[in-house]
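Visitor: Structure incoming, see below.
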Amino acid sequence: MSESLHTVTTMPTARQPGCPFDPPAGLIDAREHGPISRFPFPDGHQGWLVTG
């Protein structure tokens with residue numbers, strides 16, 4: 001795979017006031033980079049964050 005993937009360094013969970021069903025801003029940002037982002041877990045193994 002030659003394309004670079006977006007990396008999310010922390011799991012975004014903070015929500016803005018308003019509708020409780022709106023996704024956190026960090027997830028919206030990750031989704032704008034593409035449907036899949038890398039997510040390194042604290043123990044060092046590589047995971048994936050799928051937003052689309």
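Letters A, B, ... go to the chains of the structure tokens in the order shown; residues in each chain start at 1; ligands are counted from 1 in the same order.
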Run DSSP on the backbone of this structure and report the residues of region 2-49 of chain A it assigns to alpha helix (DSSP H), as a list in words.

Guide: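 So, restricting region 2-49 of chain A to alpha helix (DSSP H), we get Ala25, Gly26, Leu27, Ile28, Asp29, Ala30, Arg31, Glu32 and His33 of chain A.
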
Visitor: Need to verify the contact set: region 25-35 of chain A, 10 Å, only C-alpha atoms, exclusion of same-chain residues closer than 4 positions in sequence. Can you return it as an NGL selection string?

Guide: :A and (5-8 or 10-16 or 49-52)

Visitor: Next, dump the selected residues to file, keeping only N, CA, C and O atoms, as a short mmCIF file (atom, residue, chain, number, x, y, z; two decimals), in the first residue's frame.

Guide:
```cif
data_model
loop_
_atom_site.label_atom_id
_atom_site.label_comp_id
_atom_site.auth_asym_id
_atom_site.auth_seq_id
_atom_site.Cartn_x
_atom_site.Cartn_y
_atom_site.Cartn_z
N LEU A 5 -1.66 6.77 5.35
CA LEU A 5 -2.93 6.77 6.08
C LEU A 5 -2.84 7.74 7.24
O LEU A 5 -1.78 7.92 7.84
N HIS A 6 -3.94 8.36 7.55
CA HIS A 6 -4.05 9.26 8.69
C HIS A 6 -3.87 8.45 9.97
O HIS A 6 -4.29 7.30 10.05
N THR A 7 -3.22 9.02 10.98
CA THR A 7 -3.03 8.35 12.27
C THR A 7 -3.75 9.14 13.35
O THR A 7 -3.58 10.35 13.47
N VAL A 8 -4.55 8.44 14.13
CA VAL A 8 -5.23 9.02 15.28
C VAL A 8 -4.42 8.59 16.50
O VAL A 8 -4.24 7.40 16.73
N THR A 10 -4.95 9.52 19.86
CA THR A 10 -5.79 9.25 21.03
C THR A 10 -7.22 9.05 20.54
O THR A 10 -7.64 9.66 19.56
N MET A 11 -7.95 8.22 21.23
CA MET A 11 -9.34 7.97 20.84
C MET A 11 -10.17 9.19 21.19
O MET A 11 -10.28 9.56 22.36
N PRO A 12 -10.73 9.87 20.17
CA PRO A 12 -11.52 11.08 20.45
C PRO A 12 -12.87 10.73 21.08
O PRO A 12 -13.63 9.96 20.52
N THR A 13 -13.12 11.28 22.25
CA THR A 13 -14.38 11.00 22.93
C THR A 13 -15.09 12.26 23.42
O THR A 13 -16.26 12.20 23.77
N ALA A 14 -14.39 13.41 23.45
CA ALA A 14 -14.99 14.65 23.96
C ALA A 14 -16.06 15.13 22.98
O ALA A 14 -15.81 15.28 21.79
N ARG A 15 -17.25 15.36 23.49
CA ARG A 15 -18.37 15.81 22.66
C ARG A 15 -18.65 17.29 22.92
O ARG A 15 -18.48 17.78 24.02
N GLN A 16 -19.12 17.95 21.89
CA GLN A 16 -19.54 19.34 22.01
C GLN A 16 -20.92 19.40 22.62
O GLN A 16 -21.71 18.46 22.48
N LEU A 49 -8.95 2.61 13.11
CA LEU A 49 -10.17 3.32 13.44
C LEU A 49 -10.95 3.47 12.14
O LEU A 49 -10.47 4.10 11.20
N VAL A 50 -12.12 2.87 12.07
CA VAL A 50 -12.94 2.90 10.86
C VAL A 50 -14.08 3.88 11.09
O VAL A 50 -14.87 3.70 12.01
N THR A 51 -14.16 4.91 10.23
CA THR A 51 -15.18 5.93 10.39
C THR A 51 -16.13 6.00 9.19
O THR A 51 -16.98 6.86 9.12
N GLY A 52 -15.95 5.13 8.25
CA GLY A 52 -16.80 5.15 7.08
C GLY A 52 -16.93 3.81 6.43
O GLY A 52 -16.30 2.86 6.81
#
```

Visitor: Residues of chain A classed as strand (DSSP E or B) by DSSP on the backbone are to be reported as a VMD selection string.

Guide: chain A and resid 7 36 to 40 46 to 50

Visitor: Could you name the residues that touch Pro42 (chain A) at 12 Å or less, counting only C-alpha atoms, but leaving out those on the same chain fewer than 3 positions away, as an MDAnalysis selection string?

Guide: chainID A and resid 9:11 39 45:47

Visitor: Just write the chosen residues, C-alpha atoms, as a short mmCIF file (atom, residue, chain, number, x, y, z; two decimals), in the first residue's frame.

Guide:
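Full text of result24.cif as output:
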```cif
data_model
loop_
_atom_site.label_atom_id
_atom_site.label_comp_id
_atom_site.auth_asym_id
_atom_site.auth_seq_id
_atom_site.Cartn_x
_atom_site.Cartn_y
_atom_site.Cartn_z
CA THR A 9 -3.02 9.18 18.40
CA THR A 10 -5.79 9.25 21.03
CA MET A 11 -9.34 7.97 20.84
CA PHE A 39 -4.59 3.85 15.76
CA HIS A 45 0.26 -2.89 18.74
CA GLN A 46 -1.27 -1.32 15.63
CA GLY A 47 -5.03 -0.95 15.29
#
```
